[in-house]
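K.L.:
Below is run_16.tsv; it holds TSV, C-alpha atoms.
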```
chain	number	residue	atom	x	y	z
A	1	MET	CA	14.09	38.38	19.82
A	2	GLY	CA	16.92	35.94	19.59
A	3	ASP	CA	19.69	35.60	17.07
A	4	ILE	CA	18.07	35.35	13.60
A	5	SER	CA	21.26	34.97	11.59
A	6	GLY	CA	21.26	31.17	11.74
A	7	THR	CA	18.99	28.66	10.05
A	8	GLN	CA	16.43	26.88	12.18
A	9	PHE	CA	15.95	23.15	11.74
A	10	PHE	CA	12.59	21.42	11.73
A	11	ASN	CA	12.54	17.64	11.89
A	12	VAL	CA	9.52	15.43	11.45
A	13	ASP	CA	9.62	11.80	12.46
A	14	VAL	CA	8.70	9.70	9.44
A	15	GLU	CA	7.15	6.27	9.83
A	16	PRO	CA	9.14	3.55	8.09
A	17	GLU	CA	7.48	2.65	4.82
A	18	GLU	CA	6.05	-0.81	4.44
A	19	SER	CA	6.85	-2.58	1.21
A	20	VAL	CA	4.16	-3.16	-1.39
A	21	GLU	CA	4.55	-6.89	-0.81
A	22	VAL	CA	3.88	-6.59	2.93
A	23	ILE	CA	0.88	-4.33	2.36
A	24	LEU	CA	-0.60	-6.68	-0.26
A	25	ALA	CA	-0.15	-9.65	2.07
A	26	GLU	CA	-1.96	-7.85	4.89
A	27	VAL	CA	-4.77	-6.67	2.59
A	28	PHE	CA	-5.09	-10.17	1.09
A	29	ASP	CA	-5.36	-11.62	4.60
A	30	ALA	CA	-8.03	-9.12	5.68
A	31	LEU	CA	-10.10	-9.69	2.54
A	32	THR	CA	-9.88	-13.46	2.97
A	33	LYS	CA	-10.90	-13.29	6.63
A	34	LYS	CA	-13.95	-11.20	5.71
A	35	GLY	CA	-15.00	-13.78	3.09
A	36	TYR	CA	-14.18	-11.79	-0.04
A	37	ASN	CA	-12.32	-13.08	-3.08
A	38	PRO	CA	-9.10	-11.10	-2.55
A	39	VAL	CA	-7.96	-11.30	-6.17
A	40	ASN	CA	-11.24	-9.90	-7.49
A	41	GLN	CA	-11.33	-7.15	-4.87
A	42	ILE	CA	-7.73	-6.04	-5.43
A	43	VAL	CA	-8.20	-6.06	-9.22
A	44	GLY	CA	-11.35	-3.96	-8.77
A	45	TYR	CA	-9.38	-1.47	-6.69
A	46	ILE	CA	-6.47	-1.32	-9.14
A	47	MET	CA	-8.74	-0.85	-12.17
A	48	SER	CA	-11.08	1.73	-10.65
A	49	GLY	CA	-9.11	3.43	-7.91
A	50	ASP	CA	-12.18	3.06	-5.70
A	51	PRO	CA	-10.95	2.16	-2.19
A	52	THR	CA	-14.33	0.69	-1.22
A	53	TYR	CA	-13.28	-2.50	-3.02
A	54	ILE	CA	-11.00	-3.05	-0.01
A	55	THR	CA	-12.42	-3.80	3.41
A	56	SER	CA	-11.61	-1.49	6.28
A	57	TYR	CA	-11.16	-4.60	8.46
A	58	GLN	CA	-7.66	-4.75	9.98
A	59	ASN	CA	-7.02	-1.27	8.51
A	60	ALA	CA	-6.62	-2.84	5.04
A	61	ARG	CA	-8.16	0.09	3.16
A	62	SER	CA	-5.82	2.60	4.77
A	63	LEU	CA	-2.85	0.33	4.13
A	64	ILE	CA	-3.49	-0.14	0.42
A	65	MET	CA	-3.96	3.58	-0.05
A	66	LYS	CA	-0.40	4.16	1.21
A	67	VAL	CA	0.96	2.94	-2.13
A	68	GLU	CA	0.15	4.08	-5.65
A	69	ARG	CA	-1.82	1.67	-7.81
A	70	ASP	CA	0.94	1.61	-10.43
A	71	GLU	CA	3.38	0.50	-7.72
A	72	ILE	CA	1.06	-2.40	-6.92
A	73	VAL	CA	0.87	-3.44	-10.58
A	74	GLU	CA	4.65	-3.14	-10.90
A	75	ALA	CA	5.25	-5.34	-7.83
A	76	LEU	CA	2.76	-7.94	-9.04
A	77	LEU	CA	4.28	-8.02	-12.53
A	78	GLU	CA	7.82	-8.28	-11.19
A	79	ASN	CA	6.79	-11.16	-8.94
A	80	TYR	CA	5.07	-12.93	-11.83
A	81	ILE	CA	8.09	-12.54	-14.13
A	82	GLU	CA	10.46	-13.78	-11.41
A	83	SER	CA	8.25	-16.79	-10.69
A	84	LYS	CA	8.27	-17.75	-14.39
A	85	ASN	CA	12.05	-17.27	-14.66
A	86	LEU	CA	11.62	-14.91	-17.61
```
Would you mind writing the file out in structure tokens?
P.N.:
Amino acid sequence: MGDISGTQFFNVDVEPEESVEVILAEVFDALTKKGYNPVNQIVGYIMSGDPTYITSYQNARSLIMKVERDEIVEALLENYIESKNL
């Protein structure tokens, strides 16, 4: 046994988080390329929580599940308010 009087450190490399805006743009692009109406599909996902509303094409389903649905709504609402200068 070695010296057990000190504290051991354990470090895990964490991937940098993508912003909600970047994730939504990538998901929107994937849905569009697959021929879906991206607004309808994203609304369906937000309302139900069912990830099958989002295509797995270009890893879009995994991407959108990295953020909470309330974070998506918050980002969309903030963007809308800013665009209307409210």
K.L.:
Compute the distance from (-10.1, -2.8, 4.1) to each atom, counting all atoms listed in the file, keep the residues with any atom at most 12 Å away, and return them as a VMD selection string; use the coordinates of the file.
P.N.:
chain A and resid 23 to 24 26 to 34 36 38 41 to 42 45 50 to 65
K.L.:
Please measure the separation of atom CA of A:Lys66 and atom CA of A:Val22, giving the value in Å to one decimal.
P.N.:
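Pair atom CA of A:Lys66 / atom CA of A:Val22 returns 11.7 Å.
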K.L.:
Expressed in Å to a single decimal, how great is the separation between atom CA of A:Asp70 and atom CA of A:Gly49?
P.N.:
10.5 Å
K.L.:
Which distance in Å separates atom CA of A:Val73 and atom CA of A:Glu18, to one decimal?
P.N.:
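Straight-line distance from atom CA of A:Val73 to atom CA of A:Glu18 works out to 16.1 Å.
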K.L.:
Hey, which of A:Asn37, A:Ser19, A:Ser48, A:Gln8 ends up closest to A:Glu71? Count all atoms listed in the file.
P.N.:
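Among the listed residues, the smallest separation from A:Glu71 belongs to A:Ser19.
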K.L.:
Report the centre and edge lengths, in Å to one decimal, of an axis-aligned box enclosing every atom of stretch 14-30 of chain A listed in the file, padded by 6 Å on each side, as AutoDock Vina command-line options.
P.N.:
```
--center_x 0.6 --center_y -1.0 --center_z 4.2 --size_x 29.2 --size_y 33.3 --size_z 23.2
```
K.L.:
Determine the nearest neighbour of A:Asn79 from the options A:Ile4, A:Val20, A:Val39, A:Val67, counting only C-alpha atoms.
P.N.:
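For A:Asn79, the nearest of the candidates is A:Val20.
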K.L.:
Kindly complete stretch 43-73 of chain A to N, CA and C atoms; the output should be written as a compact mmCIF listing (two decimals), in the coordinates of the input.
P.N.:
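Saved to rebuild01.txt:
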```txt
# COMPACT_ATOMS: atom_id res chain seq x y z
N VAL A 43 -8.12 -6.45 -7.80
CA VAL A 43 -8.20 -6.06 -9.22
C VAL A 43 -9.21 -4.92 -9.38
N GLY A 44 -10.35 -5.03 -8.72
CA GLY A 44 -11.35 -3.96 -8.77
C GLY A 44 -10.78 -2.64 -8.29
N TYR A 45 -10.01 -2.69 -7.21
CA TYR A 45 -9.38 -1.47 -6.69
C TYR A 45 -8.36 -0.91 -7.68
N ILE A 46 -7.51 -1.78 -8.22
CA ILE A 46 -6.47 -1.32 -9.14
C ILE A 46 -7.09 -0.69 -10.39
N MET A 47 -8.12 -1.34 -10.93
CA MET A 47 -8.74 -0.85 -12.17
C MET A 47 -9.52 0.44 -11.97
N SER A 48 -10.20 0.58 -10.84
CA SER A 48 -11.08 1.73 -10.65
C SER A 48 -10.49 2.83 -9.78
N GLY A 49 -9.61 2.46 -8.88
CA GLY A 49 -9.11 3.43 -7.91
C GLY A 49 -10.06 3.65 -6.75
N ASP A 50 -11.16 2.91 -6.74
CA ASP A 50 -12.18 3.06 -5.70
C ASP A 50 -11.77 2.24 -4.47
N PRO A 51 -11.43 2.89 -3.36
CA PRO A 51 -10.95 2.16 -2.19
C PRO A 51 -12.02 1.31 -1.51
N THR A 52 -13.29 1.50 -1.87
CA THR A 52 -14.33 0.69 -1.22
C THR A 52 -14.30 -0.77 -1.67
N TYR A 53 -13.49 -1.09 -2.67
CA TYR A 53 -13.28 -2.50 -3.02
C TYR A 53 -12.50 -3.22 -1.92
N ILE A 54 -11.83 -2.47 -1.06
CA ILE A 54 -11.00 -3.05 -0.01
C ILE A 54 -11.69 -2.84 1.33
N THR A 55 -11.80 -3.89 2.10
CA THR A 55 -12.42 -3.80 3.41
C THR A 55 -11.61 -2.90 4.35
N SER A 56 -12.31 -2.29 5.27
CA SER A 56 -11.61 -1.49 6.28
C SER A 56 -11.15 -2.38 7.45
N TYR A 57 -11.56 -3.64 7.43
CA TYR A 57 -11.16 -4.60 8.46
C TYR A 57 -9.64 -4.68 8.53
N GLN A 58 -9.10 -4.70 9.72
CA GLN A 58 -7.66 -4.75 9.98
C GLN A 58 -6.92 -3.59 9.30
N ASN A 59 -7.61 -2.47 9.09
CA ASN A 59 -7.02 -1.27 8.51
C ASN A 59 -6.52 -1.49 7.07
N ALA A 60 -7.09 -2.48 6.38
CA ALA A 60 -6.62 -2.84 5.04
C ALA A 60 -6.79 -1.70 4.04
N ARG A 61 -7.91 -0.99 4.11
CA ARG A 61 -8.16 0.09 3.16
C ARG A 61 -7.12 1.20 3.31
N SER A 62 -6.83 1.56 4.54
CA SER A 62 -5.82 2.60 4.77
C SER A 62 -4.44 2.14 4.31
N LEU A 63 -4.15 0.87 4.54
CA LEU A 63 -2.85 0.33 4.13
C LEU A 63 -2.66 0.40 2.63
N ILE A 64 -3.66 -0.07 1.87
CA ILE A 64 -3.49 -0.14 0.42
C ILE A 64 -3.41 1.25 -0.19
N MET A 65 -4.01 2.23 0.47
CA MET A 65 -3.96 3.58 -0.05
C MET A 65 -2.62 4.27 0.21
N LYS A 66 -1.73 3.62 0.95
CA LYS A 66 -0.40 4.16 1.21
C LYS A 66 0.53 4.02 -0.01
N VAL A 67 0.14 3.14 -0.93
CA VAL A 67 0.96 2.94 -2.13
C VAL A 67 0.14 3.29 -3.37
N GLU A 68 0.82 3.75 -4.39
CA GLU A 68 0.15 4.08 -5.65
C GLU A 68 -0.25 2.79 -6.36
N ARG A 69 -1.33 2.86 -7.11
CA ARG A 69 -1.82 1.67 -7.81
C ARG A 69 -0.80 1.17 -8.82
N ASP A 70 -0.07 2.06 -9.47
CA ASP A 70 0.94 1.61 -10.43
C ASP A 70 2.08 0.87 -9.73
N GLU A 71 2.37 1.23 -8.48
CA GLU A 71 3.38 0.50 -7.72
C GLU A 71 2.91 -0.92 -7.42
N ILE A 72 1.62 -1.08 -7.17
CA ILE A 72 1.06 -2.40 -6.92
C ILE A 72 1.18 -3.26 -8.17
N VAL A 73 0.79 -2.70 -9.32
CA VAL A 73 0.87 -3.44 -10.58
C VAL A 73 2.32 -3.81 -10.87
```
